[in-house]
Amino acid sequence: MSDDSDVSLGDDSLLESMPAHRSEWKQHDLLASILGRFFYISTNMSGGILPAWVVSPKDDKEIDDCLDEANTHLKKLGWAAKLSRSEEWIVQLFPLPERQFPARNLTLVMWVFSALTLTLAGAYWMDGARPSGGWFSDSTLTDSVLGYTLPVLGSLFVASHIQKRIASHFNHRVGHITPIPEPTISLWSLGFLSQASLVWPFGLFLIPTLPRMDARLWDDRKVLGWVAVSVPATLVTLGMMLWGIGLWLTPEYVAITGPQNVAQAPFLIEVLGQWQIDDYLNRLIWSHPFVKAGALLTFFGWISLLPIPTFPGGRIMIARAGPTEARSSNNQIFIFLLILAFAWMFDAFNGFTIWIFVLTLILPLLLFMGTDRSSPLILNEPKGLDLPAMKNIGFVMLIAVLFALPSQVPFEIDADWDSDVEYEIDMNYTATELDGQWNALVSVHVLNPSSVNRDWAIDFDHQNSHFAAWENAWDCDGEDSLDVKGEGCGSTLPPRTHTTVVLNLTWSEQTLAPSTLDFSLISLTEGEYDSHAISIRPDLSVHPETLWQMYLDEGEMKRCMELQSSSDEALNVTFPNAGQVSNLQSRLQWVEGHNNLSASFEQSPDRLCVRGLDPVVLRTSELNHIQLNNYTFDGGLPELPLVAVVPETGWNISSDPFLGWGFMLNSSGLLSSIEDLCPLDPSLSIPPAPSEGQWIWDLDVRKISNIPAVNSANESLVVHMSDGSSMHVCSPELSIEPKFNFTVEQGPELIFQRYNTSHRMWSNMWMAAYNGTLLQSDGATFSVYSSSNTSVPVQLNYQGNGEQWVTVSSTNSLQSGWNSFEFEPSSSTLSTLWFEHQDGAFVIHLSSYV
């Protein structure tokens with residue numbers, strides 16, 4: 001090659017020049033020129049900020065294909081073309097947004113902080129409800145990370161990649177899910193918030209995608225719909241799987257130690273759980289942490305499907321209906337009213353609940369952005385959504401919304417987690433007669449409303465003497481692993497379960513009908529005793545409501561019983577065993593208001609009383625049986641009312657066997673001045689003895705205590721009881737019924753002694769003789785001890801129409817110390833002896849009847 005032909009590559013003068021326009025192009029012209037390569041441009045639509053032209057497809061192509069080719073080229077230049085149609089096709093150009101995607105460091109930081117708050121939330125869910133040894137290990141931190149944090153973040157990671165993969169399939173780029181941590185969970189971990197106060201307990205506040213999906217440009221409604229539905233569908237699916245695995249891993253029982261925030265299952269899990277899992281509702285209380293992770297995912301997935309602007313559900317609505325229809329005012333008003341209606345149905349306005357947070361978030365978005373048709377921006381809006389895609393997206397959304405439908409209360413504090421066992425017992429029962437046999441069934445329904453195992457046992461009060469004529473048997477139906485002092489039924493009742501046991505009662509008397517039976521059931525729950533009053537009435541028109549009792553009415557003693565009548569029929573009263581003492585001229589007893597022991601009433605009275613010449617003849621067993629119309633009842637043998645005569649200085653209890661507490665008290669049981677029934681299984685101490693000075697027990701101050709024994713020869717106890725007060729002595733056994741009651745009268749301290757037994761309450765002391773023979777030999781020989789330094793008057797009161805008693809040994813006044821008495825009955829048919837205190841005097845009643 002010659003030197004002349006050499007051309008230097010650096011010599012620009014030898015290059016061929018290109019033709020150039022004489023005037024510089026504006027950007028509008030440049031964009032129009034580029035757009036003209038893909039469309040026929042007919043009209044320039046000026047006046048707006050962004051350029052727009054009326055166009056038509058070129059080269060017999062579809063308008064959609066022209067738009068796709070144009071956007072492929074414009075994307076390199078930082079622009080995008082949006083196609084719309086009124087009467088003609090219009091293309092408007094938009095600059096592509098820049099720097100939308102956040103830095104990876106920011107996304108990483110959000111995931112790390114979310115992991116921390118999720119770990120705290122996992123500890124919150126498991127607090128007080130971990131099995132021994134933990135769910136995965138002994139460490140709460142390990143359980144929280146493995147059971148809650150990793151499943152939640154792992155599910156979000158999977159959902160984020162599925163979303164990106166679907167977007168990539170449609171040649172779109174979207175960002176990763178960037179979870180936003182919820183910091184108030186740290187207040188619970190520091191002890192500033194209780195479980196009940198932590199209304200949003202997830203550890204996450206929101207799970208948006210950055211950059212915001214509404215800020216991205218979408219080719220068409222199809223890609224918008226599929227990308228929008230991908231994350232909620234993934235969260236719901238993975239959440240359902242975690243629900244199922246968690247319930248399967250949840251043991252039958254975990255001993256919880258505090259109230260739990262119980263996750264209520266979505267619709268599908270609720271249906272399957274109730275159907276397939278035993279004790280499903282109980283297992284929710286101490287459920288596996290996977291259940292809590294599944295509850296978070298299904299709840300967030302369901303909320304994100306709501307048709308709210310910026311929510312995936314809002315974008316799905318636009319994809320299916322188009323921006324114009326989806327963001328119309330009518331539709332937005334309808335959605336607003338529909339959300340309020342569902343909020344009311346879900347009880348969102350009843351207190352400060354989790355739904356308040358949801359409404360606080362979605363209502364402003366709906367009100368202020370509901371009619372914004374410019375977001376998200378769809379480049380080919382007229383293309384619409386093909387029918388298969390519309391059906392498939394709608395089907396996926398419907399299934400997710402229906403199956404993940406949350407409960408009215410998605411998370412509920414188990415406030416009654418440690419409630420006591422409840423006994424549902426009817427107070428009134430009826431005894432029925434069949435083939436001459438009376439039977440009654442007392443049904444006890446035992447309910448454990450708590451979330452822990454509860455021990456329980458129940459039996460009847462064995463100290464109740466009214467049970468003597470009733471045969472009893474418990475039907476425990478397998479609930480017999482526990483008992484009350486070796487009797488009754490009982491077991492360990494699992495959480496939120498119940499059982500029923502039955503007490504079968506059979507009347508053992510063949511010739512008598514039963515009276516009303518009043519007794520108590522004694523229950524034992526977690527070491528605590530309680531009583532339940534029961535009343536069993538025979539199925540008769542009239543029957544005794546109470547047994548015979550002795551009453552002092554205006555200074556006169558009478559024997560009474562309450563009657564229960566269910567009809568207005570007449571009543572005939574007789575005493576079938578009366579009159580066994582023959583040849584008596586005296587009328588010893590009579591029905592009050594009548595002349596003898598036979599009486600007729602036009603209508604049954606509420607109370608029937610028998611009067612007599614003295615208390616001893618009233619207490620005779622001949623009056624125990626009473627016939628009311630055609631049925632005979634045993635009213636029992638009543639005791640004479642007990643009266644304790646106590647001086648102002650109190651009783652002086654010493655270690656002397658005859659000057660101690662005396663018969664019936666004798667340092668056993670409890671002495672009480674309170675009106676309540678006897679305490680069950682009490683742990684009461686005795687009145688403490690001082691190291692120096694007098695040992696005093698004032699029952700106006702220390703109202704109930706064990707009766708102390710006085711053992712030391714140099715020791716004595718002074719017991720003060722107020723005049724007119726009522727006392728009862730309780731059995732040391734398990735019973736609410738007092739052993740006996742007595743009233744207090746102020747007077748001299750007198751101790752009655754007979755048969756080498758002393759009595760401080762001698763008002764019920766008596767003796768009788770038939771035809772001159774005492775019921776018990778030496779029954780009319782006794783001694784009375786007086787502690788007073790002054791003499792106490794003694795009155796002998798003779799009455800009756802027979803020959804009087806013979807006084808062998810007596811005195812007109814009691815001197816300090818022991819005073820002896822001896823009487824012999826006359827040969828009268830009936831002689832009675834009884835004692836009374838009247839105005840500071842010791843009165844001996846001596847009666848004889850022929």
# chains A, B, ... in the order shown; residues from 1 in each chain; ligands from 1
>>> residues_around(residues="Ala473 (chain A)", least_positions_apart="6", cutoff="12 Å", atoms="only C-alpha atoms", output="JSON, numbers by chain")
{"A": [439, 440, 441, 442, 459, 460, 487, 488, 489, 501, 502, 503, 504, 505, 506, 507]}
>>> write_last_selection(atoms="C-alpha atoms", output="compact mmCIF listing (two decimals), in the first residue's frame")
# COMPACT_ATOMS: atom_id res chain seq x y z
CA ASN A 439 -85.85 -42.42 96.79
CA ALA A 440 -84.04 -39.19 95.97
CA LEU A 441 -81.18 -38.36 93.62
CA VAL A 442 -78.85 -35.44 94.29
CA ASP A 459 -69.22 -35.79 100.09
CA PHE A 460 -72.12 -35.13 102.44
CA GLU A 487 -65.63 -40.75 101.50
CA GLY A 488 -67.50 -39.42 98.47
CA CYS A 489 -66.34 -38.80 94.91
CA VAL A 501 -71.76 -37.44 90.08
CA VAL A 502 -74.96 -38.52 91.83
CA LEU A 503 -75.80 -39.18 95.46
CA ASN A 504 -78.50 -41.88 95.70
CA LEU A 505 -80.64 -41.67 98.84
CA THR A 506 -83.07 -44.38 99.92
CA TRP A 507 -85.45 -44.04 102.86
>>> residues_around(residues="Asp219 (chain A)", least_positions_apart="6", cutoff="7 Å", atoms="only C-alpha atoms", output="list in words")
Ile378, Leu379 and Asn380 of chain A
>>> write_last_selection(atoms="N, CA and C atoms", output="mmCIF file, in the first residue's frame")
data_model
loop_
_atom_site.group_PDB
_atom_site.id
_atom_site.type_symbol
_atom_site.label_atom_id
_atom_site.label_comp_id
_atom_site.auth_asym_id
_atom_site.auth_seq_id
_atom_site.Cartn_x
_atom_site.Cartn_y
_atom_site.Cartn_z
ATOM 1 N N ILE A 378 -50.974 2.103 35.731
ATOM 2 C CA ILE A 378 -51.011 0.955 34.819
ATOM 3 C C ILE A 378 -50.797 1.483 33.397
ATOM 4 N N LEU A 379 -49.745 1.037 32.729
ATOM 5 C CA LEU A 379 -49.389 1.570 31.423
ATOM 6 C C LEU A 379 -50.386 1.169 30.351
ATOM 7 N N ASN A 380 -50.936 -0.017 30.434
ATOM 8 C CA ASN A 380 -51.892 -0.469 29.424
ATOM 9 C C ASN A 380 -53.212 -0.811 30.119
#
>>> select_by_dssp(residues="region 414-485 of chain A", states="strand (DSSP E or B)", output="PyMOL selection string")
chain A and resi 422-425+428-434+437-448+454-460+470-475+480+484
>>> closest_residue(among="A:Ser168, A:Thr353, A:Ser722, A:Gln746", to="Ser197 (chain A)", atoms="only C-alpha atoms")
A:Thr353
>>> closest_residue(among="A:Leu680, A:Trp248, A:Val421, A:Ala293", to="Ile277 (chain A)", atoms="only C-alpha atoms")
A:Trp248
>>> residues_around(residues="Phe170 (chain A)", least_positions_apart="5", cutoff="12 Å", atoms="only C-alpha atoms", output="list in words")
Gln163, Lys164, Arg165, Trp218, Asp219, Asp220, Arg221, Lys222, Val223, Leu224, Gly225, Trp226 and Val227 of chain A
>>> residues_around(residues="Pro211 (chain A)", least_positions_apart="3", cutoff="9 Å", atoms="only C-alpha atoms", output="list in words")
Gln100, Phe101, Pro102, Val174, Gly175, His176, Pro208, Asp214, Ala215 and Arg216 of chain A
>>> residues_around(residues="Leu670 (chain A)", least_positions_apart="4", cutoff="7 Å", atoms="only C-alpha atoms", output="JSON, numbers by chain")
{"A": [704, 705, 706, 707, 729, 730, 731, 732]}
>>> write_last_selection(atoms="all heavy atoms", output="PDB file, in the first residue's frame")
ATOM      1  N   ILE A 704     -64.116 -16.793 118.299  1.00  0.00           N
ATOM      2  CA  ILE A 704     -64.095 -18.225 117.987  1.00  0.00           C
ATOM      3  C   ILE A 704     -62.701 -18.755 118.243  1.00  0.00           C
ATOM      4  O   ILE A 704     -61.693 -18.093 117.931  1.00  0.00           O
ATOM      5  CB  ILE A 704     -64.530 -18.498 116.529  1.00  0.00           C
ATOM      6  CG1 ILE A 704     -64.563 -19.990 116.255  1.00  0.00           C
ATOM      7  CG2 ILE A 704     -63.643 -17.765 115.536  1.00  0.00           C
ATOM      8  CD1 ILE A 704     -65.183 -20.351 114.910  1.00  0.00           C
ATOM      9  N   SER A 705     -62.659 -19.944 118.835  1.00  0.00           N
ATOM     10  CA  SER A 705     -61.365 -20.543 119.126  1.00  0.00           C
ATOM     11  C   SER A 705     -61.581 -21.994 119.518  1.00  0.00           C
ATOM     12  O   SER A 705     -62.692 -22.405 119.881  1.00  0.00           O
ATOM     13  CB  SER A 705     -60.655 -19.789 120.250  1.00  0.00           C
ATOM     14  OG  SER A 705     -59.412 -20.389 120.545  1.00  0.00           O
ATOM     15  N   ASN A 706     -60.505 -22.761 119.442  1.00  0.00           N
ATOM     16  CA  ASN A 706     -60.539 -24.106 120.003  1.00  0.00           C
ATOM     17  C   ASN A 706     -60.706 -24.017 121.508  1.00  0.00           C
ATOM     18  O   ASN A 706     -60.168 -23.113 122.172  1.00  0.00           O
ATOM     19  CB  ASN A 706     -59.251 -24.854 119.676  1.00  0.00           C
ATOM     20  CG  ASN A 706     -59.199 -25.317 118.236  1.00  0.00           C
ATOM     21  OD1 ASN A 706     -60.155 -25.894 117.737  1.00  0.00           O
ATOM     22  ND2 ASN A 706     -58.087 -25.055 117.567  1.00  0.00           N
ATOM     23  N   ILE A 707     -61.460 -24.944 122.052  1.00  0.00           N
ATOM     24  CA  ILE A 707     -61.658 -24.968 123.500  1.00  0.00           C
ATOM     25  C   ILE A 707     -60.369 -25.475 124.141  1.00  0.00           C
ATOM     26  O   ILE A 707     -59.952 -26.613 123.897  1.00  0.00           O
ATOM     27  CB  ILE A 707     -62.844 -25.860 123.876  1.00  0.00           C
ATOM     28  CG1 ILE A 707     -64.122 -25.319 123.233  1.00  0.00           C
ATOM     29  CG2 ILE A 707     -62.989 -25.957 125.379  1.00  0.00           C
ATOM     30  CD1 ILE A 707     -65.341 -26.181 123.446  1.00  0.00           C
ATOM     31  N   VAL A 729     -71.226 -24.641 119.728  1.00  0.00           N
ATOM     32  CA  VAL A 729     -70.036 -25.470 119.867  1.00  0.00           C
ATOM     33  C   VAL A 729     -69.923 -26.323 118.614  1.00  0.00           C
ATOM     34  O   VAL A 729     -70.860 -27.025 118.240  1.00  0.00           O
ATOM     35  CB  VAL A 729     -70.113 -26.351 121.136  1.00  0.00           C
ATOM     36  CG1 VAL A 729     -68.903 -27.280 121.207  1.00  0.00           C
ATOM     37  CG2 VAL A 729     -70.193 -25.479 122.369  1.00  0.00           C
ATOM     38  N   CYS A 730     -68.771 -26.212 117.961  1.00  0.00           N
ATOM     39  CA  CYS A 730     -68.565 -26.910 116.692  1.00  0.00           C
ATOM     40  C   CYS A 730     -67.752 -28.169 116.911  1.00  0.00           C
ATOM     41  O   CYS A 730     -66.876 -28.231 117.777  1.00  0.00           O
ATOM     42  CB  CYS A 730     -67.834 -25.999 115.698  1.00  0.00           C
ATOM     43  SG  CYS A 730     -68.731 -24.482 115.308  1.00  0.00           S
ATOM     44  N   SER A 731     -68.039 -29.144 116.090  1.00  0.00           N
ATOM     45  CA  SER A 731     -67.332 -30.416 116.163  1.00  0.00           C
ATOM     46  C   SER A 731     -65.944 -30.267 115.581  1.00  0.00           C
ATOM     47  O   SER A 731     -65.731 -29.518 114.617  1.00  0.00           O
ATOM     48  CB  SER A 731     -68.111 -31.478 115.388  1.00  0.00           C
ATOM     49  OG  SER A 731     -67.341 -32.653 115.255  1.00  0.00           O
ATOM     50  N   PRO A 732     -64.978 -30.980 116.128  1.00  0.00           N
ATOM     51  CA  PRO A 732     -63.646 -30.963 115.487  1.00  0.00           C
ATOM     52  C   PRO A 732     -63.649 -31.707 114.163  1.00  0.00           C
ATOM     53  O   PRO A 732     -62.714 -31.584 113.378  1.00  0.00           O
ATOM     54  CB  PRO A 732     -62.762 -31.661 116.527  1.00  0.00           C
ATOM     55  CG  PRO A 732     -63.695 -32.513 117.324  1.00  0.00           C
ATOM     56  CD  PRO A 732     -64.999 -31.778 117.354  1.00  0.00           C
TER      57      PRO A 732
END
>>> residues_around(residues="Glu182 (chain A)", least_positions_apart="6", cutoff="6 Å", atoms="only C-alpha atoms", output="PyMOL selection string")
chain A and resi 203-205
>>> atom_distance(atom1="CA of Ser826 (chain A)", atom2="CA of Gly772 (chain A)")
5.1 Å
>>> closest_residue(among="A:Gly724, A:His625, A:Pro95, A:Gly669", to="Pro708 (chain A)", atoms="only C-alpha atoms")
A:Gly669
>>> atom_distance(atom1="CA of Ser847 (chain A)", atom2="CA of Ser763 (chain A)")
16.4 Å
>>> select_by_dssp(residues="region 52-87 of chain A", states="helix (DSSP H, G or I)", output="PDB file with C-alpha atoms, in the first residue's frame")
ATOM      1  CA  ILE A  63     -52.194  -1.493  19.752  1.00  0.00           C
ATOM      2  CA  ASP A  64     -50.943  -3.577  22.706  1.00  0.00           C
ATOM      3  CA  ASP A  65     -47.952  -4.814  20.702  1.00  0.00           C
ATOM      4  CA  CYS A  66     -47.130  -1.289  19.623  1.00  0.00           C
ATOM      5  CA  LEU A  67     -47.190  -0.142  23.228  1.00  0.00           C
ATOM      6  CA  ASP A  68     -44.948  -2.990  24.370  1.00  0.00           C
ATOM      7  CA  GLU A  69     -42.362  -2.224  21.659  1.00  0.00           C
ATOM      8  CA  ALA A  70     -42.447   1.473  22.476  1.00  0.00           C
ATOM      9  CA  ASN A  71     -41.949   0.872  26.198  1.00  0.00           C
ATOM     10  CA  THR A  72     -39.076  -1.497  25.529  1.00  0.00           C
ATOM     11  CA  HIS A  73     -37.269   1.301  23.707  1.00  0.00           C
ATOM     12  CA  LEU A  74     -38.365   4.154  25.980  1.00  0.00           C
ATOM     13  CA  LYS A  75     -37.308   2.292  29.113  1.00  0.00           C
ATOM     14  CA  LYS A  76     -33.672   2.704  28.014  1.00  0.00           C
ATOM     15  CA  LEU A  77     -34.234   6.439  27.857  1.00  0.00           C
TER      16      LEU A  77
END
>>> closest_residue(among="A:Tyr148, A:Phe94, A:Phe300, A:Trp275", to="Leu235 (chain A)", atoms="only C-alpha atoms")
A:Phe300
>>> atom_distance(atom1="CA of Val145 (chain A)", atom2="CA of Gln408 (chain A)")
28.9 Å
>>> decode(residues="region 782-803 of chain A", atoms="N, CA and C atoms", output="PDB file, in the first residue's frame")
ATOM      1  N   PHE A 782     -77.964 -35.730 143.453  1.00  0.00           N
ATOM      2  CA  PHE A 782     -77.020 -34.892 142.712  1.00  0.00           C
ATOM      3  C   PHE A 782     -76.401 -33.880 143.657  1.00  0.00           C
ATOM      4  N   SER A 783     -75.386 -33.181 143.161  1.00  0.00           N
ATOM      5  CA  SER A 783     -74.718 -32.121 143.910  1.00  0.00           C
ATOM      6  C   SER A 783     -74.597 -30.906 143.022  1.00  0.00           C
ATOM      7  N   VAL A 784     -74.551 -29.735 143.642  1.00  0.00           N
ATOM      8  CA  VAL A 784     -74.389 -28.470 142.931  1.00  0.00           C
ATOM      9  C   VAL A 784     -73.255 -27.701 143.582  1.00  0.00           C
ATOM     10  N   TYR A 785     -72.303 -27.286 142.745  1.00  0.00           N
ATOM     11  CA  TYR A 785     -71.165 -26.508 143.226  1.00  0.00           C
ATOM     12  C   TYR A 785     -71.427 -25.030 142.950  1.00  0.00           C
ATOM     13  N   SER A 786     -71.207 -24.192 143.958  1.00  0.00           N
ATOM     14  CA  SER A 786     -71.338 -22.741 143.813  1.00  0.00           C
ATOM     15  C   SER A 786     -69.990 -22.102 144.072  1.00  0.00           C
ATOM     16  N   SER A 787     -69.559 -21.246 143.138  1.00  0.00           N
ATOM     17  CA  SER A 787     -68.285 -20.549 143.308  1.00  0.00           C
ATOM     18  C   SER A 787     -68.455 -19.196 143.954  1.00  0.00           C
ATOM     19  N   SER A 788     -69.707 -18.828 144.227  1.00  0.00           N
ATOM     20  CA  SER A 788     -69.974 -17.508 144.788  1.00  0.00           C
ATOM     21  C   SER A 788     -69.655 -17.480 146.275  1.00  0.00           C
ATOM     22  N   ASN A 789     -69.154 -16.332 146.726  1.00  0.00           N
ATOM     23  CA  ASN A 789     -68.896 -16.159 148.159  1.00  0.00           C
ATOM     24  C   ASN A 789     -70.173 -15.869 148.926  1.00  0.00           C
ATOM     25  N   THR A 790     -71.245 -15.575 148.236  1.00  0.00           N
ATOM     26  CA  THR A 790     -72.544 -15.348 148.873  1.00  0.00           C
ATOM     27  C   THR A 790     -73.461 -16.504 148.538  1.00  0.00           C
ATOM     28  N   SER A 791     -74.455 -16.702 149.380  1.00  0.00           N
ATOM     29  CA  SER A 791     -75.360 -17.826 149.184  1.00  0.00           C
ATOM     30  C   SER A 791     -76.268 -17.571 147.975  1.00  0.00           C
ATOM     31  N   VAL A 792     -76.654 -18.660 147.334  1.00  0.00           N
ATOM     32  CA  VAL A 792     -77.542 -18.610 146.173  1.00  0.00           C
ATOM     33  C   VAL A 792     -78.862 -19.258 146.573  1.00  0.00           C
ATOM     34  N   PRO A 793     -79.996 -18.562 146.426  1.00  0.00           N
ATOM     35  CA  PRO A 793     -81.275 -19.150 146.864  1.00  0.00           C
ATOM     36  C   PRO A 793     -81.617 -20.419 146.100  1.00  0.00           C
ATOM     37  N   VAL A 794     -82.240 -21.347 146.807  1.00  0.00           N
ATOM     38  CA  VAL A 794     -82.739 -22.581 146.208  1.00  0.00           C
ATOM     39  C   VAL A 794     -84.249 -22.618 146.401  1.00  0.00           C
ATOM     40  N   GLN A 795     -84.948 -22.816 145.294  1.00  0.00           N
ATOM     41  CA  GLN A 795     -86.409 -22.891 145.350  1.00  0.00           C
ATOM     42  C   GLN A 795     -86.862 -24.269 144.904  1.00  0.00           C
ATOM     43  N   LEU A 796     -87.758 -24.859 145.727  1.00  0.00           N
ATOM     44  CA  LEU A 796     -88.389 -26.118 145.359  1.00  0.00           C
ATOM     45  C   LEU A 796     -89.790 -25.809 144.865  1.00  0.00           C
ATOM     46  N   ASN A 797     -90.073 -26.154 143.639  1.00  0.00           N
ATOM     47  CA  ASN A 797     -91.366 -25.835 143.039  1.00  0.00           C
ATOM     48  C   ASN A 797     -92.135 -27.134 142.819  1.00  0.00           C
ATOM     49  N   TYR A 798     -93.182 -27.373 143.658  1.00  0.00           N
ATOM     50  CA  TYR A 798     -94.005 -28.572 143.550  1.00  0.00           C
ATOM     51  C   TYR A 798     -95.214 -28.264 142.676  1.00  0.00           C
ATOM     52  N   GLN A 799     -95.551 -29.186 141.803  1.00  0.00           N
ATOM     53  CA  GLN A 799     -96.734 -29.003 140.979  1.00  0.00           C
ATOM     54  C   GLN A 799     -97.286 -30.368 140.566  1.00  0.00           C
ATOM     55  N   GLY A 800     -98.506 -30.356 140.042  1.00  0.00           N
ATOM     56  CA  GLY A 800     -99.173 -31.587 139.648  1.00  0.00           C
ATOM     57  C   GLY A 800    -100.261 -31.967 140.648  1.00  0.00           C
ATOM     58  N   ASN A 801    -101.014 -32.996 140.273  1.00  0.00           N
ATOM     59  CA  ASN A 801    -102.136 -33.419 141.094  1.00  0.00           C
ATOM     60  C   ASN A 801    -101.860 -34.698 141.857  1.00  0.00           C
ATOM     61  N   GLY A 802    -100.623 -35.167 141.849  1.00  0.00           N
ATOM     62  CA  GLY A 802    -100.287 -36.391 142.547  1.00  0.00           C
ATOM     63  C   GLY A 802     -99.550 -36.115 143.838  1.00  0.00           C
ATOM     64  N   GLU A 803     -99.216 -37.198 144.500  1.00  0.00           N
ATOM     65  CA  GLU A 803     -98.460 -37.106 145.753  1.00  0.00           C
ATOM     66  C   GLU A 803     -97.070 -36.569 145.449  1.00  0.00           C
TER      67      GLU A 803
END
